[in-house]
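Data file: work_18.csv. Format and content: CSV, C-alpha atoms and all ligand atoms.
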chain,number,residue,atom,x,y,z
A,9,MET,CA,2.3,14.8,-18.1
A,10,TYR,CA,5.5,12.9,-18.0
A,11,ALA,CA,6.6,10.6,-20.8
A,12,GLY,CA,6.9,6.9,-19.9
A,13,HIS,CA,10.7,6.8,-20.1
A,14,GLU,CA,10.9,9.7,-17.6
A,15,LEU,CA,9.3,7.5,-14.9
A,16,PHE,CA,11.3,5.0,-12.8
A,17,ILE,CA,9.4,2.3,-10.8
A,18,VAL,CA,11.1,0.9,-7.7
A,19,GLY,CA,9.9,-2.3,-6.2
A,20,ALA,CA,8.6,-3.2,-9.6
A,21,ASN,CA,7.6,-6.8,-8.8
A,22,GLY,CA,5.2,-6.2,-5.9
A,23,GLN,CA,1.4,-5.7,-6.1
A,24,LEU,CA,1.6,-2.0,-6.8
A,25,GLY,CA,4.8,-2.2,-8.8
A,26,THR,CA,3.3,-4.7,-11.2
A,27,ALA,CA,0.2,-2.5,-11.7
A,28,LEU,CA,2.4,0.6,-12.3
A,29,ARG,CA,4.4,-1.3,-15.0
A,30,GLN,CA,1.2,-2.2,-16.7
A,31,GLN,CA,0.0,1.5,-16.6
A,32,TYR,CA,3.4,2.8,-17.8
A,33,PRO,CA,4.8,0.3,-20.2
A,34,GLY,CA,7.5,2.7,-21.3
A,35,ALA,CA,8.8,3.3,-17.7
A,36,ARG,CA,12.2,2.1,-16.5
A,37,PHE,CA,11.8,-0.1,-13.5
A,38,ALA,CA,13.8,-2.1,-11.0
A,39,ASP,CA,13.3,-4.5,-8.1
A,40,VAL,CA,15.8,-5.4,-5.4
A,41,GLY,CA,17.9,-7.5,-7.8
A,42,GLU,CA,18.6,-4.5,-10.1
A,43,LEU,CA,18.6,-1.7,-7.4
A,44,ASP,CA,18.6,-2.3,-3.7
A,45,ILE,CA,17.4,1.0,-2.4
A,46,THR,CA,18.6,0.2,1.1
A,47,ASN,CA,22.1,0.5,-0.2
A,48,VAL,CA,23.1,4.2,0.0
A,49,THR,CA,26.1,3.7,-2.3
A,50,SER,CA,24.0,1.9,-5.0
A,51,VAL,CA,21.4,4.6,-5.0
A,52,ALA,CA,24.0,7.3,-5.2
A,53,ALA,CA,25.8,5.6,-8.1
A,54,TYR,CA,22.7,4.8,-10.1
A,55,ASP,CA,22.3,6.4,-13.5
A,56,TRP,CA,19.4,8.8,-12.8
A,57,SER,CA,19.8,10.7,-16.1
A,58,SER,CA,16.5,11.0,-18.1
A,59,ILE,CA,14.5,10.1,-15.0
A,60,LYS,CA,12.1,12.8,-13.8
A,61,VAL,CA,9.8,10.9,-11.4
A,62,ILE,CA,10.6,8.0,-9.0
A,63,LEU,CA,7.6,5.9,-8.1
A,64,ASN,CA,8.6,3.9,-5.0
A,65,ALA,CA,6.4,0.8,-4.7
A,66,ALA,CA,9.1,-1.0,-2.6
A,67,ALA,CA,8.4,-1.9,1.0
A,68,TYR,CA,8.8,-4.5,3.7
A,69,THR,CA,5.1,-5.3,4.0
A,70,ASN,CA,5.1,-8.4,6.3
A,71,VAL,CA,3.4,-6.8,9.3
A,72,ASP,CA,4.0,-9.8,11.7
A,73,GLY,CA,7.4,-10.5,10.3
A,74,ALA,CA,8.5,-7.0,11.3
A,75,GLU,CA,8.0,-8.0,14.9
A,76,THR,CA,10.9,-10.5,14.7
A,77,PRO,CA,14.5,-9.5,15.4
A,78,GLU,CA,15.5,-10.0,11.7
A,79,GLY,CA,12.2,-8.5,10.4
A,80,ARG,CA,12.5,-5.4,12.5
A,81,ILE,CA,15.9,-4.7,10.9
A,82,ALA,CA,14.6,-5.4,7.4
A,83,ALA,CA,11.4,-3.2,7.9
A,84,TRP,CA,13.5,-0.3,9.1
A,85,LYS,CA,16.0,-0.6,6.2
A,86,VAL,CA,13.3,-0.8,3.5
A,87,ASN,CA,10.6,1.4,4.9
A,88,ALA,CA,12.7,4.1,6.5
A,89,GLU,CA,16.4,4.1,5.5
A,90,ALA,CA,15.7,3.4,1.8
A,91,VAL,CA,13.1,6.2,1.7
A,92,ALA,CA,15.7,8.5,3.1
A,93,ASN,CA,18.2,7.3,0.3
A,94,LEU,CA,15.6,8.1,-2.4
A,95,ALA,CA,14.6,11.4,-0.7
A,96,ARG,CA,18.3,12.5,-0.7
A,97,THR,CA,18.6,11.7,-4.4
A,98,ALA,CA,15.3,13.3,-5.4
A,99,THR,CA,16.2,16.4,-3.5
A,100,ALA,CA,19.7,16.6,-5.0
A,101,LEU,CA,18.6,16.0,-8.6
A,102,ASP,CA,15.2,17.9,-8.3
A,103,LEU,CA,13.2,14.7,-9.1
A,104,LEU,CA,9.6,14.2,-8.1
A,105,LEU,CA,9.3,11.4,-5.6
A,106,VAL,CA,6.1,9.4,-5.2
A,107,HIS,CA,6.0,7.1,-2.2
A,108,ILE,CA,3.4,5.0,-0.5
A,109,SER,CA,2.5,4.9,3.2
A,110,SER,CA,-0.1,3.2,5.3
A,111,ASP,CA,-2.9,3.7,7.7
A,112,TYR,CA,-0.7,1.7,10.1
A,113,VAL,CA,1.1,5.0,11.0
A,114,PHE,CA,-2.0,5.6,13.1
A,115,ASP,CA,-3.3,3.8,16.1
A,116,GLY,CA,-6.9,3.5,14.7
A,117,SER,CA,-8.5,5.4,17.6
A,118,GLN,CA,-10.1,7.8,15.1
A,119,ASP,CA,-13.1,6.7,12.9
A,120,SER,CA,-11.4,8.3,9.9
A,121,HIS,CA,-7.8,9.4,9.4
A,122,ALA,CA,-7.1,12.8,7.7
A,123,GLU,CA,-3.7,13.6,6.2
A,124,TYR,CA,-2.7,15.8,9.2
A,125,GLU,CA,-3.4,13.3,12.0
A,126,PRO,CA,-0.3,13.0,14.3
A,127,PHE,CA,1.7,9.7,14.0
A,128,SER,CA,0.7,7.1,16.6
A,129,PRO,CA,1.9,3.7,15.2
A,130,LEU,CA,1.2,0.6,17.2
A,131,SER,CA,3.6,-1.9,15.4
A,132,VAL,CA,7.2,-2.0,14.2
A,133,TYR,CA,5.9,-2.0,10.6
A,134,GLY,CA,3.8,1.1,11.4
A,135,ALA,CA,6.7,2.9,13.1
A,136,SER,CA,9.1,2.1,10.2
A,137,LYS,CA,6.5,3.5,7.7
A,138,ALA,CA,6.1,6.6,9.8
A,139,ALA,CA,9.8,7.2,9.7
A,140,GLY,CA,9.7,6.9,5.9
A,141,ASP,CA,6.9,9.6,5.9
A,142,ILE,CA,9.1,11.9,7.9
A,143,ALA,CA,12.0,11.4,5.4
A,144,MET,CA,9.5,12.2,2.6
A,145,SER,CA,8.4,15.4,4.3
A,146,LEU,CA,11.9,16.8,3.6
A,147,VAL,CA,11.6,16.4,-0.2
A,148,PRO,CA,10.5,19.6,-2.0
A,149,ARG,CA,8.7,17.8,-4.9
A,150,GLN,CA,6.8,14.8,-3.5
A,151,TYR,CA,3.5,13.0,-3.3
A,152,LEU,CA,3.2,10.9,-0.2
A,153,ILE,CA,0.2,8.6,-0.7
A,154,ARG,CA,-1.3,6.9,2.4
A,155,THR,CA,-3.3,3.8,1.6
A,156,SER,CA,-5.0,0.9,3.3
A,157,TRP,CA,-5.8,-2.8,2.7
A,158,VAL,CA,-4.2,-3.1,-0.8
A,159,ILE,CA,-5.5,-5.7,-3.2
A,160,GLY,CA,-3.6,-6.4,-6.4
A,161,ASP,CA,-1.8,-9.1,-8.3
A,162,GLY,CA,-0.2,-11.1,-5.4
A,163,LYS,CA,-1.1,-12.8,-2.2
A,164,ASN,CA,-3.9,-10.8,-0.7
A,165,PHE,CA,-7.0,-11.0,1.5
A,166,VAL,CA,-9.5,-11.3,-1.4
A,167,ARG,CA,-7.6,-14.2,-3.0
A,168,THR,CA,-7.2,-16.0,0.4
A,169,MET,CA,-10.9,-15.8,1.3
A,170,LEU,CA,-12.0,-16.7,-2.2
A,171,ASP,CA,-9.7,-19.8,-2.1
A,172,LEU,CA,-11.2,-20.9,1.3
A,173,GLY,CA,-14.7,-20.4,0.0
A,174,LYS,CA,-14.1,-22.4,-3.1
A,175,ARG,CA,-12.6,-25.2,-1.0
A,176,ASP,CA,-15.8,-25.2,1.3
A,177,ILE,CA,-13.7,-24.1,4.3
A,178,ASN,CA,-15.9,-21.9,6.5
A,179,PRO,CA,-13.7,-19.0,7.7
A,180,THR,CA,-13.8,-17.3,11.0
A,181,VAL,CA,-13.0,-13.7,10.3
A,182,VAL,CA,-12.2,-10.6,12.4
A,183,ALA,CA,-15.2,-8.3,12.7
A,184,ASP,CA,-13.8,-5.5,14.8
A,185,GLN,CA,-11.2,-4.1,12.3
A,186,VAL,CA,-13.0,-1.7,10.0
A,187,GLY,CA,-11.8,0.0,6.9
A,188,ARG,CA,-12.0,0.1,3.1
A,189,LEU,CA,-10.2,-1.9,0.5
A,190,THR,CA,-7.8,-0.3,-2.0
A,191,PHE,CA,-7.5,-2.0,-5.3
A,192,VAL,CA,-4.2,-1.3,-7.0
A,193,SER,CA,-6.2,-0.1,-10.0
A,194,GLU,CA,-7.5,2.8,-7.8
A,195,LEU,CA,-4.0,3.5,-6.5
A,196,VAL,CA,-2.6,3.7,-10.0
A,197,ARG,CA,-5.5,5.9,-11.1
A,198,ALA,CA,-4.8,8.3,-8.2
A,199,ILE,CA,-1.1,8.4,-8.9
A,200,ASP,CA,-1.8,9.1,-12.6
A,201,HIS,CA,-4.3,11.8,-11.6
A,202,LEU,CA,-1.8,13.6,-9.3
A,203,LEU,CA,0.9,13.5,-12.0
A,204,ALA,CA,-1.3,14.5,-14.9
A,205,THR,CA,-3.0,17.4,-13.1
A,206,GLU,CA,0.3,18.5,-11.4
A,207,ALA,CA,-1.6,18.6,-8.1
A,208,ALA,CA,0.0,20.5,-5.2
A,209,TYR,CA,2.8,18.5,-3.6
A,210,GLY,CA,2.2,16.8,-0.3
A,211,VAL,CA,0.3,14.0,1.5
A,212,TYR,CA,-2.8,12.4,-0.1
A,213,ASN,CA,-5.0,9.6,1.3
A,214,VAL,CA,-6.0,7.1,-1.4
A,215,SER,CA,-8.3,4.2,-1.0
A,216,ASN,CA,-11.5,3.1,-2.6
A,217,SER,CA,-14.6,4.9,-1.4
A,218,GLY,CA,-17.8,3.4,-0.1
A,219,VAL,CA,-19.1,2.2,3.2
A,220,SER,CA,-16.4,1.2,5.7
A,221,ALA,CA,-16.6,-2.5,6.5
A,222,SER,CA,-15.0,-5.2,8.7
A,223,TRP,CA,-12.9,-8.0,7.3
A,224,ALA,CA,-15.8,-10.3,8.1
A,225,ASP,CA,-18.3,-8.1,6.1
A,226,ILE,CA,-15.8,-7.8,3.2
A,227,THR,CA,-15.5,-11.6,3.1
A,228,ARG,CA,-19.3,-11.8,3.0
A,229,ALA,CA,-19.2,-9.3,0.0
A,230,ILE,CA,-16.6,-11.5,-1.7
A,231,TYR,CA,-18.7,-14.6,-1.3
A,232,ALA,CA,-22.0,-12.9,-2.4
A,233,THR,CA,-20.3,-11.4,-5.5
A,234,ALA,CA,-18.6,-14.7,-6.3
A,235,GLY,CA,-21.9,-16.7,-5.9
A,236,LEU,CA,-20.6,-18.6,-2.9
A,237,PRO,CA,-22.7,-19.3,0.3
A,238,ASN,CA,-22.2,-17.1,3.3
A,239,THR,CA,-20.3,-19.3,5.6
A,240,VAL,CA,-18.5,-16.6,7.6
A,241,THR,CA,-18.3,-16.5,11.4
A,242,ASN,CA,-17.4,-13.3,13.2
A,243,THR,CA,-14.6,-13.1,15.7
A,244,SER,CA,-12.8,-10.3,17.5
A,245,THR,CA,-9.1,-9.4,16.9
A,246,ALA,CA,-8.3,-10.4,20.5
A,247,ASP,CA,-10.0,-13.9,20.1
A,248,TYR,CA,-8.5,-14.5,16.7
A,249,TYR,CA,-4.9,-14.0,17.9
A,250,ALA,CA,-5.4,-15.5,21.4
A,251,GLY,CA,-2.5,-17.8,22.3
A,252,LYS,CA,-0.5,-16.8,19.2
A,253,SER,CA,2.8,-15.0,19.8
A,254,GLY,CA,4.7,-12.5,17.5
A,255,ILE,CA,1.5,-10.9,16.2
A,256,ALA,CA,1.7,-7.2,15.5
A,257,PRO,CA,-1.0,-5.0,17.0
A,258,ARG,CA,-3.3,-3.6,14.3
A,259,PRO,CA,-5.4,-0.4,14.2
A,260,LEU,CA,-9.1,-1.2,14.6
A,261,ARG,CA,-10.2,1.7,12.4
A,262,SER,CA,-8.4,2.1,9.1
A,263,THR,CA,-10.7,4.3,7.1
A,264,LEU,CA,-8.9,7.1,5.3
A,265,ASP,CA,-10.6,10.5,4.8
A,266,LEU,CA,-10.7,11.0,1.0
A,267,THR,CA,-11.8,14.7,1.1
A,268,LYS,CA,-8.4,16.1,0.0
A,269,LEU,CA,-8.0,13.7,-2.9
A,270,GLN,CA,-11.6,14.3,-4.1
A,271,ALA,CA,-11.1,18.1,-3.8
A,272,SER,CA,-8.2,17.7,-6.2
A,273,GLY,CA,-10.7,16.5,-8.8
A,274,PHE,CA,-10.5,12.8,-8.4
A,275,ALA,CA,-13.7,10.7,-8.3
A,276,SER,CA,-13.0,7.7,-6.1
A,277,ARG,CA,-14.6,4.3,-7.0
A,278,ASP,CA,-16.6,2.3,-4.5
A,279,TRP,CA,-14.7,-0.7,-3.2
A,280,ASN,CA,-17.7,-2.9,-4.0
A,281,GLU,CA,-17.6,-1.8,-7.6
A,282,ASP,CA,-13.8,-2.6,-8.0
A,283,LEU,CA,-14.4,-5.9,-6.0
A,284,THR,CA,-16.9,-7.0,-8.7
A,285,ASP,CA,-14.4,-6.2,-11.5
A,286,TYR,CA,-11.5,-7.9,-9.7
A,287,LEU,CA,-13.5,-11.1,-9.0
A,288,GLN,CA,-14.7,-11.2,-12.7
A,289,LYS,CA,-11.0,-11.0,-13.8
A,290,GLU,CA,-10.0,-13.7,-11.2
A,291,GLN,CA,-12.7,-16.1,-12.5
A,292,THR,CA,-11.7,-15.7,-16.1
A,293,VAL,CA,-7.9,-16.3,-15.6
B,1,LIG,N1,-0.4,-4.4,1.2
B,1,LIG,C1,-1.2,-3.6,1.9
B,1,LIG,O1,-2.3,-4.0,2.4
B,1,LIG,C2,-0.8,-2.2,2.2
B,1,LIG,C3,-1.5,-1.4,3.0
B,1,LIG,C4,-1.1,-0.1,3.2
B,1,LIG,C5,0.0,0.4,2.6
B,1,LIG,N2,0.7,-0.4,1.8
B,1,LIG,C6,1.9,0.1,1.1
B,1,LIG,O2,1.7,0.1,-0.3
B,1,LIG,C7,3.0,0.0,-0.9
B,1,LIG,C8,2.9,-1.2,-1.9
B,1,LIG,O3,2.5,-2.4,-1.2
B,1,LIG,P1,2.4,-3.8,-2.0
B,1,LIG,O4,1.2,-4.5,-1.4
B,1,LIG,O5,2.5,-3.6,-3.5
B,1,LIG,O6,3.8,-4.4,-1.5
B,1,LIG,P2,4.5,-5.8,-1.9
B,1,LIG,O7,3.5,-6.6,-2.9
B,1,LIG,O8,5.0,-6.5,-0.7
B,1,LIG,O9,5.7,-5.3,-2.8
B,1,LIG,C9,6.8,-4.7,-2.3
B,1,LIG,C10,8.0,-4.9,-3.3
B,1,LIG,O10,9.1,-4.2,-2.7
B,1,LIG,C11,10.2,-5.0,-3.0
B,1,LIG,N3,11.4,-4.7,-2.2
B,1,LIG,C12,11.6,-5.1,-0.9
B,1,LIG,N4,12.8,-4.7,-0.5
B,1,LIG,C13,13.4,-4.0,-1.5
B,1,LIG,C14,14.6,-3.3,-1.7
B,1,LIG,N5,15.5,-3.3,-0.7
B,1,LIG,N6,14.9,-2.7,-2.8
B,1,LIG,C15,14.0,-2.7,-3.8
B,1,LIG,N7,12.8,-3.4,-3.8
B,1,LIG,C16,12.5,-4.0,-2.6
B,1,LIG,C17,9.7,-6.4,-2.8
B,1,LIG,O11,10.6,-7.4,-3.3
B,1,LIG,P3,10.7,-8.8,-2.7
B,1,LIG,O12,9.3,-9.4,-2.8
B,1,LIG,O13,11.7,-9.5,-3.5
B,1,LIG,O14,11.1,-8.6,-1.2
B,1,LIG,C18,8.3,-6.3,-3.5
B,1,LIG,O15,8.5,-6.6,-4.9
B,1,LIG,C19,4.0,-0.3,0.2
B,1,LIG,O16,4.6,1.0,0.4
B,1,LIG,C20,3.2,-0.7,1.4
B,1,LIG,O17,3.8,-0.3,2.6
B,1,LIG,C21,0.4,-1.7,1.6

I'd like the structure from this file rewritten - as structure tokens, please.
Amino acid sequence: MYAGHELFIVGANGQLGTALRQQYPGARFADVGELDITNVTSVAAYDWSSIKVILNAAAYTNVDGAETPEGRIAAWKVNAEAVANLARTATALDLLLVHISSDYVFDGSQDSHAEYEPFSPLSVYGASKAAGDIAMSLVPRQYLIRTSWVIGDGKNFVRTMLDLGKRDINPTVVADQVGRLTFVSELVRAIDHLLATEAAYGVYNVSNSGVSASWADITRAIYATAGLPNTVTNTSTADYYAGKSGIAPRPLRSTLDLTKLQASGFASRDWNEDLTDYLQKEQTV
């Protein structure tokens, strides 16, 4: 296993970056203020001595924002060009590069997505992430982790729905997008597992396990676990976004096939189990 000071966390203030810093308190880390990974000169000039592993948690994650003219440029810079910058450095210095991708590189036409499914992104965000995956494929020592529906310390779906429920606002929630949540605790556990076991390099799907569910059903699970009444009304993606412009198309089926990760010796936790733990922590803070 690598020592903490040999790890370098990029995008350290995001949901995943924050969780990685908690897992590896001895790690070096930077967010955009310290190192802008879109800047090829800054990346090349950075002091990489003593670093053995780059954990890239940086991304442009505003899926609808990426459909705007400015957002399209930002998404391609952070999700594609910056990954190429890190890939170049990792390859030149023989570092291990860990990078995170998304179910949005697929169109959601399959019930479950295996690692080898061909790219079929629907949105600018999805296309920019797919470009990052292609840059990653050129790195000799790499873990490319595809994940979905990430819940951590930040603005996220669970917090939004919990807030509505507590304020007695009855939400209308999309019931035809189906997938599984990924708590950042599960992402961090999987990253740590791959590093600690020196798993074969390559692409790994990581999400919580359990029954795939729609956003509406997940909201019901949030309310049931938090002791709030079930006030959720189902809607379709088409109806939810009707009349709104600038909305990115979303895959309807986001479930990631976890066979490869589990075959590497990792026991995935059910999303309902992690939801219970997450809500308990939310209620006590
Ligand atoms: N959230 C999801 O549901 C989801 C689903 C599937 C996959 N993923 C992937 O999972 C990974 C982690 O997502 P997350 O939810 O933790 O994202 P996040 O909370 O949005 O964090 C991304 C971080 O990257 C930073 N960043 C942006 N541009 C940068 C730059 N040029 N240089 C350095 N840092 C920069 C951001 O800083 P600022 O805030 O200052 O911009 C932010 O701290 C990403 O690769 C994402 O694509 C996420």

Kindly provide, as an mmCIF file with C-alpha atoms, keeping the file's coordinate frame, all nucleotide and amino acid residues lying within 6 Å of ligand LIG 1 (chain B), counting all atoms listed in the file.
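Once written, result.cif looks like this:
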data_model
loop_
_atom_site.group_PDB
_atom_site.id
_atom_site.type_symbol
_atom_site.label_atom_id
_atom_site.label_comp_id
_atom_site.auth_asym_id
_atom_site.auth_seq_id
_atom_site.Cartn_x
_atom_site.Cartn_y
_atom_site.Cartn_z
ATOM 1 C CA GLY A 19 9.900 -2.300 -6.200
ATOM 2 C CA ALA A 20 8.600 -3.200 -9.600
ATOM 3 C CA ASN A 21 7.600 -6.800 -8.800
ATOM 4 C CA GLY A 22 5.200 -6.200 -5.900
ATOM 5 C CA GLN A 23 1.400 -5.700 -6.100
ATOM 6 C CA LEU A 24 1.600 -2.000 -6.800
ATOM 7 C CA GLY A 25 4.800 -2.200 -8.800
ATOM 8 C CA ASP A 39 13.300 -4.500 -8.100
ATOM 9 C CA VAL A 40 15.800 -5.400 -5.400
ATOM 10 C CA LEU A 43 18.600 -1.700 -7.400
ATOM 11 C CA ASP A 44 18.600 -2.300 -3.700
ATOM 12 C CA ILE A 45 17.400 1.000 -2.400
ATOM 13 C CA THR A 46 18.600 0.200 1.100
ATOM 14 C CA ALA A 65 6.400 0.800 -4.700
ATOM 15 C CA ALA A 66 9.100 -1.000 -2.600
ATOM 16 C CA ALA A 67 8.400 -1.900 1.000
ATOM 17 C CA TYR A 68 8.800 -4.500 3.700
ATOM 18 C CA THR A 69 5.100 -5.300 4.000
ATOM 19 C CA VAL A 86 13.300 -0.800 3.500
ATOM 20 C CA ILE A 108 3.400 5.000 -0.500
ATOM 21 C CA SER A 109 2.500 4.900 3.200
ATOM 22 C CA SER A 110 -0.100 3.200 5.300
ATOM 23 C CA THR A 155 -3.300 3.800 1.600
ATOM 24 C CA SER A 156 -5.000 0.900 3.300
ATOM 25 C CA TRP A 157 -5.800 -2.800 2.700
ATOM 26 C CA VAL A 158 -4.200 -3.100 -0.800
#

Residues within 7 Å of Val132 (chain A), only C-alpha atoms, excluding chain neighbours under 3 positions, as a ChimeraX atom specification: /A:74-75,80,135-136

d(CA of Ala234 (chain A), CA of Val166 (chain A)) in Å: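 Pair CA of Ala234 (chain A) / CA of Val166 (chain A) returns 10.9 Å.
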
Interatomic distance (Å, one decimal) between CA of Glu206 (chain A) and CA of Phe127 (chain A):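 Computing it gives 26.9 Å between the two atoms.
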
Atom pair CA of Val181 (chain A) / CA of Thr227 (chain A): separation (Å):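 Distance between the two atoms: 7.9 Å.
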
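Of the residues listed (A:Lys268, A:His121, A:Lys60, A:His201), A:Lys60 shows the shortest atom-to-atom separation from Leu101 (chain A); distances use all atoms listed in the file.
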
Among the residues A:Ile59, A:Leu152, A:Ile255, A:Ile177, the one that comes closest to Val71 (chain A) [using all atoms listed in the file]: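 So, comparing all the options, the nearest one is A:Ile255.
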
Nearest-residue call for Asn47 (chain A), choices A:Leu172, A:Ala11, A:Ala92, A:Ala27, using all atoms listed in the file: A:Ala92

Distance query Arg154 (chain A) at most 12 Å, all atoms listed in the file, self and fewer than 5 positions along chain excluded, as a compact mmCIF listing (two decimals) with C-alpha atoms, keeping the file's coordinate frame:
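Output contents, as saved in out-v2.txt:
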# COMPACT_ATOMS: atom_id res chain seq x y z
CA VAL A 106 6.10 9.40 -5.20
CA HIS A 107 6.00 7.10 -2.20
CA ILE A 108 3.40 5.00 -0.50
CA SER A 109 2.50 4.90 3.20
CA SER A 110 -0.10 3.20 5.30
CA ASP A 111 -2.90 3.70 7.70
CA TYR A 112 -0.70 1.70 10.10
CA VAL A 113 1.10 5.00 11.00
CA PHE A 114 -2.00 5.60 13.10
CA HIS A 121 -7.80 9.40 9.40
CA ALA A 122 -7.10 12.80 7.70
CA GLU A 123 -3.70 13.60 6.20
CA TYR A 124 -2.70 15.80 9.20
CA GLU A 125 -3.40 13.30 12.00
CA GLY A 134 3.80 1.10 11.40
CA LYS A 137 6.50 3.50 7.70
CA ALA A 138 6.10 6.60 9.80
CA GLY A 140 9.70 6.90 5.90
CA ASP A 141 6.90 9.60 5.90
CA THR A 190 -7.80 -0.30 -2.00
CA LEU A 195 -4.00 3.50 -6.50
CA ALA A 198 -4.80 8.30 -8.20
CA ILE A 199 -1.10 8.40 -8.90
CA GLY A 210 2.20 16.80 -0.30
CA VAL A 211 0.30 14.00 1.50
CA TYR A 212 -2.80 12.40 -0.10
CA ASN A 213 -5.00 9.60 1.30
CA VAL A 214 -6.00 7.10 -1.40
CA SER A 215 -8.30 4.20 -1.00
CA ASN A 216 -11.50 3.10 -2.60
CA SER A 262 -8.40 2.10 9.10
CA THR A 263 -10.70 4.30 7.10
CA LEU A 264 -8.90 7.10 5.30
CA ASP A 265 -10.60 10.50 4.80
CA LEU A 266 -10.70 11.00 1.00
CA LYS A 268 -8.40 16.10 0.00
CA LEU A 269 -8.00 13.70 -2.90

Select all residues near (-7.9, -4.3, -14.9) (cut-off 9 Å, inclusive, file coordinates), counting only C-alpha atoms, and output them as a PDB file with C-alpha atoms, keeping the file's coordinate frame.
ATOM      1  CA  ALA A  27       0.200  -2.500 -11.700  1.00  0.00           C
ATOM      2  CA  SER A 193      -6.200  -0.100 -10.000  1.00  0.00           C
ATOM      3  CA  ASP A 285     -14.400  -6.200 -11.500  1.00  0.00           C
ATOM      4  CA  TYR A 286     -11.500  -7.900  -9.700  1.00  0.00           C
ATOM      5  CA  LYS A 289     -11.000 -11.000 -13.800  1.00  0.00           C
TER       6      LYS A 289
END

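When all atoms listed in the file are used to compute distances to Gly254 (chain A), the closest of the residues A:Gln270, A:Thr241, A:Ser50, A:Ser131 turns out to be A:Ser131.
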
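Candidate residues A:Ile62, A:Ala204, A:Ser217, A:Ser120 were compared for distance to Asp102 (chain A), and the nearest is A:Ile62, using all atoms listed in the file.
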
Residue list as a PyMOL selection string for point (-14.2, -5.4, 5.7), cut-off 12 Å, only C-alpha atoms: chain A and resi 156-157+165-166+169+181-190+218-230+242+260-263+279-280+283

Mind dumping the selected residues with C-alpha atoms as a short mmCIF file (atom, residue, chain, number, x, y, z; two decimals), in the coordinates of the input?
data_model
loop_
_atom_site.label_atom_id
_atom_site.label_comp_id
_atom_site.auth_asym_id
_atom_site.auth_seq_id
_atom_site.Cartn_x
_atom_site.Cartn_y
_atom_site.Cartn_z
CA SER A 156 -5.00 0.90 3.30
CA TRP A 157 -5.80 -2.80 2.70
CA PHE A 165 -7.00 -11.00 1.50
CA VAL A 166 -9.50 -11.30 -1.40
CA MET A 169 -10.90 -15.80 1.30
CA VAL A 181 -13.00 -13.70 10.30
CA VAL A 182 -12.20 -10.60 12.40
CA ALA A 183 -15.20 -8.30 12.70
CA ASP A 184 -13.80 -5.50 14.80
CA GLN A 185 -11.20 -4.10 12.30
CA VAL A 186 -13.00 -1.70 10.00
CA GLY A 187 -11.80 0.00 6.90
CA ARG A 188 -12.00 0.10 3.10
CA LEU A 189 -10.20 -1.90 0.50
CA THR A 190 -7.80 -0.30 -2.00
CA GLY A 218 -17.80 3.40 -0.10
CA VAL A 219 -19.10 2.20 3.20
CA SER A 220 -16.40 1.20 5.70
CA ALA A 221 -16.60 -2.50 6.50
CA SER A 222 -15.00 -5.20 8.70
CA TRP A 223 -12.90 -8.00 7.30
CA ALA A 224 -15.80 -10.30 8.10
CA ASP A 225 -18.30 -8.10 6.10
CA ILE A 226 -15.80 -7.80 3.20
CA THR A 227 -15.50 -11.60 3.10
CA ARG A 228 -19.30 -11.80 3.00
CA ALA A 229 -19.20 -9.30 0.00
CA ILE A 230 -16.60 -11.50 -1.70
CA ASN A 242 -17.40 -13.30 13.20
CA LEU A 260 -9.10 -1.20 14.60
CA ARG A 261 -10.20 1.70 12.40
CA SER A 262 -8.40 2.10 9.10
CA THR A 263 -10.70 4.30 7.10
CA TRP A 279 -14.70 -0.70 -3.20
CA ASN A 280 -17.70 -2.90 -4.00
CA LEU A 283 -14.40 -5.90 -6.00
#

Nearest-residue call for Asp72 (chain A), choices A:Tyr133, A:Ile17, A:Gln288, A:Thr267, using all atoms listed in the file: A:Tyr133
